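With CSV, C-alpha atoms inside, this is target26.csv:
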chain,number,residue,atom,x,y,z
A,189,MET,CA,69.5,15.1,36.2
A,190,LYS,CA,69.6,12.4,33.6
A,191,LYS,CA,66.6,10.7,35.2
A,192,LEU,CA,64.7,13.9,35.1
A,193,LEU,CA,65.5,14.5,31.4
A,194,LEU,CA,64.5,10.9,30.6
A,195,LEU,CA,61.2,11.3,32.5
A,196,PHE,CA,60.5,14.6,30.7
A,197,ALA,CA,61.3,13.0,27.3
A,198,SER,CA,59.0,10.1,28.1
A,199,ILE,CA,56.1,12.4,29.0
A,200,ILE,CA,56.6,14.4,25.8
A,201,ALA,CA,56.7,11.2,23.8
A,202,LEU,CA,53.5,9.9,25.5
A,203,ALA,CA,51.7,13.2,25.0
A,204,SER,CA,52.7,13.2,21.3
A,205,CYS,CA,51.5,9.6,20.9
A,206,GLN,CA,48.2,10.4,22.6
A,207,SER,CA,47.8,13.5,20.4
A,208,LYS,CA,48.4,11.5,17.3
A,209,ASN,CA,45.8,8.9,18.4
A,210,GLU,CA,43.3,11.6,19.2
A,211,THR,CA,43.9,13.2,15.9
A,212,THR,CA,43.5,9.9,14.1
A,213,THR,CA,40.2,9.2,16.0
A,214,THR,CA,38.9,12.6,15.3
A,215,GLU,CA,39.7,12.3,11.6
A,216,THR,CA,38.1,8.9,11.4
A,217,ALA,CA,34.9,10.1,13.1
A,218,SER,CA,34.6,13.2,11.0
A,219,ALA,CA,35.6,11.6,7.7
A,220,GLU,CA,33.5,12.9,4.8
A,221,ILE,CA,30.4,10.9,4.2
A,222,LYS,CA,29.9,10.0,0.6
A,223,VAL,CA,27.2,8.1,-1.3
A,224,ASP,CA,27.7,4.8,-3.1
A,225,SER,CA,24.8,2.6,-4.2
A,226,VAL,CA,23.7,-1.0,-4.2
A,227,THR,CA,22.1,-2.5,-7.3
A,228,TYR,CA,20.4,-5.8,-8.0
A,229,SER,CA,18.4,-7.0,-11.0
A,230,LEU,CA,16.6,-10.1,-12.1
A,231,LYS,CA,14.9,-10.7,-15.3
A,232,THR,CA,13.1,-13.8,-16.7
A,233,PRO,CA,13.8,-15.2,-20.2
A,234,PRO,CA,11.2,-14.0,-22.7
A,235,LYS,CA,8.1,-16.1,-22.9
A,236,ILE,CA,6.0,-16.1,-26.1
A,237,THR,CA,2.3,-16.6,-25.4
A,238,LYS,CA,-0.2,-18.3,-27.6
A,239,ASP,CA,-1.2,-14.9,-29.0
A,240,GLY,CA,2.4,-14.1,-29.9
A,241,ASP,CA,3.0,-11.6,-27.1
A,242,THR,CA,6.4,-11.5,-25.4
A,243,VAL,CA,6.2,-11.7,-21.6
A,244,ILE,CA,9.1,-10.7,-19.4
A,245,THR,CA,9.0,-10.3,-15.6
A,246,SER,CA,11.7,-8.1,-14.1
A,247,PHE,CA,12.8,-7.0,-10.6
A,248,SER,CA,15.4,-4.3,-10.0
A,249,VAL,CA,16.5,-2.1,-7.1
A,250,LYS,CA,19.1,0.6,-6.6
A,251,TYR,CA,19.4,2.3,-3.3
A,252,PRO,CA,22.0,4.5,-1.5
A,253,LYS,CA,24.8,3.1,0.6
A,254,LEU,CA,26.8,5.5,2.7
A,255,VAL,CA,30.6,5.3,3.1
A,256,GLY,CA,32.9,7.3,5.3
A,257,GLY,CA,32.0,9.0,8.6
A,258,ASN,CA,31.8,7.2,11.8
A,259,GLU,CA,31.7,3.5,10.9
A,260,ALA,CA,29.3,2.4,13.6
A,261,VAL,CA,26.8,5.2,12.8
A,262,ILE,CA,27.0,4.7,9.1
A,263,SER,CA,26.6,1.0,9.4
A,264,LYS,CA,23.5,1.5,11.5
A,265,ILE,CA,22.0,3.9,8.9
A,266,ASN,CA,22.8,1.5,6.0
A,267,ALA,CA,21.2,-1.4,7.8
A,268,GLN,CA,18.0,0.6,8.2
A,269,ILE,CA,18.0,1.7,4.6
A,270,GLU,CA,18.4,-1.9,3.4
A,271,GLN,CA,15.6,-3.2,5.7
A,272,MET,CA,13.3,-0.4,4.3
A,273,VAL,CA,14.1,-1.6,0.7
A,274,LYS,CA,13.2,-5.2,1.7
A,275,ASP,CA,10.0,-4.0,3.4
A,276,GLN,CA,9.0,-2.2,0.2
A,277,THR,CA,9.2,-5.4,-1.9
A,278,PHE,CA,5.4,-6.0,-1.7
A,279,SER,CA,3.6,-8.2,-4.1
A,280,ILE,CA,0.0,-9.0,-5.2
A,281,ASP,CA,-0.5,-11.2,-2.1
A,282,ASP,CA,0.5,-8.4,0.4
A,283,THR,CA,-2.6,-7.3,2.2
A,284,VAL,CA,-0.7,-6.1,5.3
A,285,GLN,CA,2.8,-4.5,5.2
A,286,THR,CA,5.1,-6.9,7.0
A,287,THR,CA,8.8,-6.9,7.8
A,288,LYS,CA,10.6,-8.9,5.2
A,289,THR,CA,13.4,-11.2,6.1
A,290,GLY,CA,16.1,-12.9,3.9
A,291,SER,CA,18.2,-11.3,1.2
A,292,ILE,CA,17.0,-9.0,-1.5
A,293,GLU,CA,17.9,-11.7,-4.0
A,294,SER,CA,15.6,-14.2,-2.3
A,295,LEU,CA,12.8,-11.6,-2.2
A,296,ALA,CA,13.3,-10.9,-6.0
A,297,LYS,CA,13.2,-14.6,-6.7
A,298,GLY,CA,10.0,-14.9,-4.7
A,299,PHE,CA,8.4,-12.1,-6.7
A,300,VAL,CA,9.3,-13.9,-10.0
A,301,LYS,CA,8.0,-17.2,-8.7
A,302,GLU,CA,4.7,-15.7,-7.6
A,303,PHE,CA,4.2,-14.5,-11.2
A,304,GLU,CA,5.2,-17.9,-12.7
A,305,ASP,CA,2.8,-19.7,-10.3
A,306,LEU,CA,0.0,-17.4,-11.3
A,307,ALA,CA,0.8,-17.8,-15.0
A,308,ALA,CA,0.8,-21.7,-14.6
A,309,GLU,CA,-2.6,-21.6,-12.8
A,310,ASN,CA,-4.1,-19.4,-15.5
A,311,ASP,CA,-2.6,-20.7,-18.7
A,312,ASP,CA,-5.8,-20.0,-20.7
A,313,MET,CA,-5.8,-16.3,-19.7
A,314,PRO,CA,-3.8,-13.5,-21.3
A,315,LEU,CA,-1.1,-12.3,-18.9
A,316,MET,CA,1.3,-9.4,-18.9
A,317,GLY,CA,4.7,-9.7,-17.2
A,318,TRP,CA,5.2,-8.2,-13.8
A,319,ASP,CA,7.6,-5.4,-13.1
A,320,TYR,CA,9.2,-4.1,-9.9
A,321,GLU,CA,11.6,-1.2,-9.9
A,322,GLY,CA,13.0,0.6,-6.8
A,323,SER,CA,15.4,3.4,-6.9
A,324,GLY,CA,16.7,5.9,-4.4
A,325,ASP,CA,19.3,8.4,-3.4
A,326,THR,CA,20.2,11.0,-0.7
A,327,LEU,CA,18.3,14.2,-0.3
A,328,LEU,CA,20.6,15.8,2.3
A,329,ILE,CA,23.9,14.9,4.0
A,330,SER,CA,24.9,17.4,6.7
A,331,PRO,CA,26.7,17.1,10.0
A,332,LYS,CA,23.3,16.9,11.7
A,333,VAL,CA,21.0,15.1,9.3
A,334,ILE,CA,21.1,12.5,6.6
A,335,SER,CA,17.8,12.1,4.6
A,336,ILE,CA,17.1,9.8,1.7
A,337,TYR,CA,14.2,8.9,-0.6
A,338,TYR,CA,13.3,5.6,-2.1
A,339,GLN,CA,10.8,5.3,-5.0
A,340,VAL,CA,9.0,2.1,-6.0
A,341,TYR,CA,7.0,1.3,-9.2
A,342,SER,CA,5.4,-2.0,-9.4
A,343,PHE,CA,3.0,-3.7,-11.9
A,344,THR,CA,1.4,-6.9,-10.9
A,345,GLY,CA,-1.6,-6.8,-13.3
A,346,GLY,CA,-4.7,-4.7,-13.3
A,347,ALA,CA,-5.5,-1.4,-15.0
A,348,HIS,CA,-2.2,0.4,-13.9
A,349,GLY,CA,0.9,0.0,-11.9
A,350,ASN,CA,1.4,1.4,-8.4
A,351,SER,CA,4.0,3.9,-7.2
A,352,ASN,CA,5.2,4.8,-3.7
A,353,ILE,CA,7.8,7.1,-2.3
A,354,THR,CA,9.4,6.7,1.2
A,355,TYR,CA,11.5,9.3,3.0
A,356,LEU,CA,13.8,8.5,5.9
A,357,ASN,CA,15.6,11.1,8.1
A,358,PHE,CA,18.5,10.1,10.3
A,359,ASN,CA,20.4,11.7,13.1
A,360,ALA,CA,23.9,12.0,11.5
A,361,GLN,CA,25.5,11.7,14.9
A,362,THR,CA,23.8,8.6,16.3
A,363,GLY,CA,22.2,6.9,13.2
A,364,ASP,CA,18.8,7.0,14.8
A,365,LEU,CA,15.7,7.4,12.7
A,366,LEU,CA,14.2,10.8,13.4
A,367,LYS,CA,10.5,11.1,14.4
A,368,LEU,CA,8.4,14.2,13.6
A,369,THR,CA,8.8,15.4,17.2
A,370,ASP,CA,12.6,15.3,16.7
A,371,ILE,CA,12.1,17.7,13.8
A,372,VAL,CA,9.6,20.2,15.1
A,373,SER,CA,8.7,21.4,18.6
A,374,ASP,CA,4.9,21.9,17.9
A,375,THR,CA,3.2,19.4,15.6
A,376,THR,CA,-0.2,21.2,16.0
A,377,ALA,CA,1.4,24.4,14.7
A,378,LEU,CA,3.1,22.5,11.9
A,379,LYS,CA,-0.3,21.0,10.8
A,380,LYS,CA,-1.9,24.5,10.6
A,381,ILE,CA,1.0,25.9,8.5
A,382,ALA,CA,1.1,22.8,6.3
A,383,GLU,CA,-2.6,22.9,5.6
A,384,LEU,CA,-2.4,26.5,4.3
A,385,LYS,CA,0.5,25.6,2.1
A,386,PHE,CA,-1.2,22.4,0.9
A,387,GLU,CA,-4.4,24.3,-0.2
A,388,LYS,CA,-2.3,27.0,-1.9
A,389,SER,CA,-0.3,24.4,-3.8
A,390,GLN,CA,-3.4,22.4,-4.9
A,391,LYS,CA,-5.2,25.5,-6.0
A,392,ALA,CA,-2.3,26.4,-8.2
A,393,PHE,CA,-2.2,22.7,-9.5
A,394,ALA,CA,-5.9,22.9,-10.3
A,395,LYS,CA,-5.5,26.2,-12.2
A,396,ASP,CA,-2.5,24.9,-14.2
A,397,ASN,CA,-4.5,21.8,-15.2
A,398,ASP,CA,-7.8,23.6,-16.0
A,399,PHE,CA,-10.0,22.3,-13.3
A,400,GLU,CA,-11.6,23.8,-10.2
A,401,TYR,CA,-10.1,23.2,-6.8
A,402,ASP,CA,-12.6,21.3,-4.6
A,403,ARG,CA,-11.6,20.6,-0.9
A,404,ALA,CA,-14.1,17.7,-0.8
A,405,SER,CA,-11.9,15.8,-3.3
A,406,TYR,CA,-9.2,15.4,-0.8
A,407,PHE,CA,-8.7,13.3,2.4
A,408,TRP,CA,-11.7,11.1,1.7
A,409,GLY,CA,-14.1,13.3,3.7
A,410,ASN,CA,-11.7,13.5,6.7
A,411,PRO,CA,-10.0,16.7,8.1
A,412,PHE,CA,-6.5,17.6,6.8
A,413,PHE,CA,-3.7,15.3,8.0
A,414,LEU,CA,0.0,15.4,7.5
A,415,PRO,CA,1.5,12.8,5.1
A,416,ALA,CA,3.3,9.7,6.2
A,417,ASN,CA,6.4,10.9,4.4
A,418,ILE,CA,8.2,14.2,5.4
A,419,ALA,CA,11.8,14.8,4.4
A,420,ILE,CA,14.4,17.2,5.7
A,421,THR,CA,16.1,19.1,2.9
A,422,LYS,CA,18.7,21.9,2.8
A,423,THR,CA,15.9,24.5,2.5
A,424,GLY,CA,13.3,23.1,4.8
A,425,LEU,CA,10.8,20.2,4.9
A,426,LEU,CA,9.4,18.3,1.9
A,427,PHE,CA,5.9,16.8,2.3
A,428,MET,CA,4.8,13.9,0.1
A,429,TYR,CA,1.4,12.2,-0.2
A,430,ASN,CA,1.6,8.9,-2.1
A,431,PRO,CA,-1.2,8.0,-4.6
A,432,TYR,CA,-4.5,7.2,-2.7
A,433,GLU,CA,-3.2,8.7,0.5
A,434,ALA,CA,-4.9,12.0,0.2
A,435,ALA,CA,-6.8,11.8,-3.0
A,436,ALA,CA,-7.8,9.6,-5.9
A,437,TYR,CA,-5.2,7.9,-8.1
A,438,ALA,CA,-5.7,10.4,-10.9
A,439,TYR,CA,-4.3,13.2,-8.8
A,440,GLY,CA,-1.0,11.3,-8.6
A,441,PRO,CA,1.5,11.9,-5.8
A,442,ILE,CA,1.0,15.3,-4.1
A,443,SER,CA,3.9,17.2,-2.7
A,444,PHE,CA,4.7,20.6,-1.3
A,445,ASP,CA,7.4,22.2,0.8
A,446,LEU,CA,7.8,24.5,3.7
A,447,THR,CA,11.0,26.6,4.0
A,448,TRP,CA,12.9,27.1,7.3
A,449,GLN,CA,11.6,30.7,7.1
A,450,GLU,CA,8.0,29.5,6.9
A,451,LEU,CA,8.5,27.0,9.7
A,452,GLY,CA,10.0,29.7,11.9
A,453,THR,CA,10.8,28.8,15.5
A,454,ILE,CA,9.0,25.4,15.5
A,455,ALA,CA,11.9,23.9,13.5
A,456,LYS,CA,14.3,22.4,16.0
A,457,LYS,CA,17.9,23.7,15.8
A,458,GLU,CA,19.2,20.2,16.2
A,459,ILE,CA,18.2,19.3,12.7
A,460,ARG,CA,19.1,22.6,10.9
If you convert what's in this file into structure tokens, what do you get?
Amino acid sequence: MKKLLLLFASIIALASCQSKNETTTTETASAEIKVDSVTYSLKTPPKITKDGDTVITSFSVKYPKLVGGNEAVISKINAQIEQMVKDQTFSIDDTVQTTKTGSIESLAKGFVKEFEDLAAENDDMPLMGWDYEGSGDTLLISPKVISIYYQVYSFTGGAHGNSNITYLNFNAQTGDLLKLTDIVSDTTALKKIAELKFEKSQKAFAKDNDFEYDRASYFWGNPFFLPANIAITKTGLLFMYNPYEAAAYAYGPISFDLTWQELGTIAKKEIR
């Protein structure tokens, strides 16, 4: 009888231990995901030109870093966000977007050095300091999707600076980057719905700014196409055309949204 009682007590203890371990694992996997951020800045000492102008070149970035949740998944997402930030550190010599290696600090120093080399080679020409600023945050954190934005402004000479926005959507369970086909079941149908909303939004924009909407001013003579950047938000999908992507620079970034109701059944349940 004693042996039976001891065996029963052992089974209870083991089950209790397993239950605690399962609870701990579950709690760890489902820990709340929060947003921290990574910041880095570099600024050259002021340089006074022969004409008395003050020239400063600066580089700064701030981007989201997730904490909590499943450690492996969150680490995977953070690594992709950091690589995107590196890839966006383009400079005047970039003719093709390439994957950047090294640390963000080394890329920042390379940006400053490129300006200093240019200034040394053109000592007799007036120069303005270069600026690079990147900043981003989360758009959505849900049990299914994590989406972020990252906005860059850079000035490397010329008539004006350049700006660019990047959206990234992640599967919150796996950390994988979502493709458009992971978001909607019918991309052809999405294109039709988006084109109608695009024209509606741009006609309203033209009216608000006292000019006449002209379809020929968009897409460089090509048929309508979806933008490179589409973000998943709480209410639906957000579409963003960066400057020059769909129209002249003067039009600026062009954005519009489609709600879940407007998207209807083509929006996949896996991302809602």
*Using only C-alpha atoms, which of the listed residues (A:Ile329, A:Glu259, A:Leu230, A:Phe412) sits closest to Leu295 of chain A?*
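The closest residue to Leu295 of chain A is A:Leu230.
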Spatial sel., origin (18.6, 13.2, 1.9), limit 7 Å, only C-alpha atoms, listed as JSON, numbers by chain | {"A": [326, 327, 328, 329, 334, 335, 336, 337, 420, 421]}
Contacts of Ile459 of chain A at 10 Å or less, counting only C-alpha atoms, minus same-chain residues fewer than 3 places along, as a list in words?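 Once the adjacent positions are removed, what remains is Ser330, Pro331, Lys332, Val333, Ile334, Asn357, Phe358, Asn359, Ala360, Leu366, Asp370, Ile371, Val372, Ile420, Ala455 and Lys456 of chain A.
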(message) My list of candidates is A:Leu356, A:Ala434, A:Leu315, A:Ala347. Which is closest to Gln390 of chain A when distances are computed with all atoms listed in the file?
(response)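 Nearest candidate to Gln390 of chain A out of A:Leu356, A:Ala434, A:Leu315, A:Ala347: A:Ala434.
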Smallest atom-to-atom distance to Gly363 of chain A: which of A:Thr232, A:Gln268, A:Ser294, A:Thr245, using only C-alpha atoms?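 With only C-alpha atoms as the atom set, the closest residue is A:Gln268.
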Exercise for review: Would you list the residues near (-0.1, 19.9, -7.4) (no more than 7 Å away, in the coordinates of the file, using all atoms listed in the file) as a PyMOL selection string?
Suggested key: chain A and resi 389-390+392-393+442-443
Hey, which of A:Ile418, A:Thr277, A:Tyr406, A:Thr453 ends up closest to Ala435 of chain A? Count only C-alpha atoms.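 Residue with the minimum atom-to-atom distance to Ala435 of chain A: A:Tyr406.
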Just the residues within 12 Å of Val255 of chain A, please, counting all atoms listed in the file, with nothing from its chain fewer than 2 positions along; format it as a PDB file with C-alpha atoms, in the frame of the given file.
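The resulting file, selection35.pdb, is reproduced below:
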ATOM      1  CA  THR A 216      38.100   8.900  11.400  1.00  0.00           C
ATOM      2  CA  ALA A 217      34.900  10.100  13.100  1.00  0.00           C
ATOM      3  CA  SER A 218      34.600  13.200  11.000  1.00  0.00           C
ATOM      4  CA  ALA A 219      35.600  11.600   7.700  1.00  0.00           C
ATOM      5  CA  GLU A 220      33.500  12.900   4.800  1.00  0.00           C
ATOM      6  CA  ILE A 221      30.400  10.900   4.200  1.00  0.00           C
ATOM      7  CA  LYS A 222      29.900  10.000   0.600  1.00  0.00           C
ATOM      8  CA  VAL A 223      27.200   8.100  -1.300  1.00  0.00           C
ATOM      9  CA  ASP A 224      27.700   4.800  -3.100  1.00  0.00           C
ATOM     10  CA  SER A 225      24.800   2.600  -4.200  1.00  0.00           C
ATOM     11  CA  VAL A 226      23.700  -1.000  -4.200  1.00  0.00           C
ATOM     12  CA  PRO A 252      22.000   4.500  -1.500  1.00  0.00           C
ATOM     13  CA  LYS A 253      24.800   3.100   0.600  1.00  0.00           C
ATOM     14  CA  GLY A 257      32.000   9.000   8.600  1.00  0.00           C
ATOM     15  CA  ASN A 258      31.800   7.200  11.800  1.00  0.00           C
ATOM     16  CA  GLU A 259      31.700   3.500  10.900  1.00  0.00           C
ATOM     17  CA  ALA A 260      29.300   2.400  13.600  1.00  0.00           C
ATOM     18  CA  VAL A 261      26.800   5.200  12.800  1.00  0.00           C
ATOM     19  CA  ILE A 262      27.000   4.700   9.100  1.00  0.00           C
ATOM     20  CA  SER A 263      26.600   1.000   9.400  1.00  0.00           C
ATOM     21  CA  LYS A 264      23.500   1.500  11.500  1.00  0.00           C
ATOM     22  CA  ILE A 265      22.000   3.900   8.900  1.00  0.00           C
ATOM     23  CA  ASN A 266      22.800   1.500   6.000  1.00  0.00           C
ATOM     24  CA  ILE A 329      23.900  14.900   4.000  1.00  0.00           C
TER      25      ILE A 329
END
Counting all atoms listed in the file, closest pick from A:Ala438, A:Ile454, A:Ala308, A:Ala416 relative to His348 of chain A is A:Ala438
* For atom CA of Phe303 of chain A and atom CA of Tyr432 of chain A, the interatomic separation in Å (one decimal) ->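 Separation between atom CA of Phe303 of chain A and atom CA of Tyr432 of chain A: 24.9 Å.
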What does the distance between atom CA of Gln271 of chain A and atom CA of Lys367 of chain A come to in Å, to one decimal place?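 According to the coordinates, atom CA of Gln271 of chain A and atom CA of Lys367 of chain A are separated by 17.5 Å.
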**Gap from atom CA of Leu451 of chain A to atom CA of Ser351 of chain A - Å, one decimal** =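 Computing the Euclidean distance for atom CA of Leu451 of chain A and atom CA of Ser351 of chain A yields 29.0 Å.
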Residues near segment 374-383 of chain A, cut-off 9 Å, all atoms listed in the file, skip fewer than 5 positions along chain, as a list in words:
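Selected residues are Leu368, Thr369, Lys388, Phe412, Phe413, Leu414, Phe427, Phe444, Asp445, Leu446, Glu450, Leu451, Ile454 and Ala455 of chain A.
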Open item on the list: From the options A:Ser373, A:Gly324, A:Thr227, A:Asp402, which residue's atoms come nearest to Thr354 of chain A, counting all atoms listed in the file?
Closed with: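 Going through A:Ser373, A:Gly324, A:Thr227, A:Asp402 one by one, the smallest distance to Thr354 of chain A is for A:Gly324.
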Could you list, as a short mmCIF file (atom, residue, chain, number, x, y, z; two decimals) with C-alpha atoms, in the frame of the given file, every residue within 7 Å of Phe247 of chain A, counting only C-alpha atoms and ignoring same-chain residues fewer than 5 positions away?
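Saved the output as around.cif:
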data_model
loop_
_atom_site.label_atom_id
_atom_site.label_comp_id
_atom_site.auth_asym_id
_atom_site.auth_seq_id
_atom_site.Cartn_x
_atom_site.Cartn_y
_atom_site.Cartn_z
CA SER A 229 18.40 -7.00 -11.00
CA LEU A 230 16.60 -10.10 -12.10
CA LYS A 231 14.90 -10.70 -15.30
CA ALA A 296 13.30 -10.90 -6.00
CA ASP A 319 7.60 -5.40 -13.10
CA TYR A 320 9.20 -4.10 -9.90
CA GLU A 321 11.60 -1.20 -9.90
#
Which polymer residues have any atom within 6 Å of an atom of Pro431 of chain A, counting only C-alpha atoms, with same-chain residues fewer than 2 positions away left out, as a ChimeraX atom specification?
-> /A:433,437,440-441
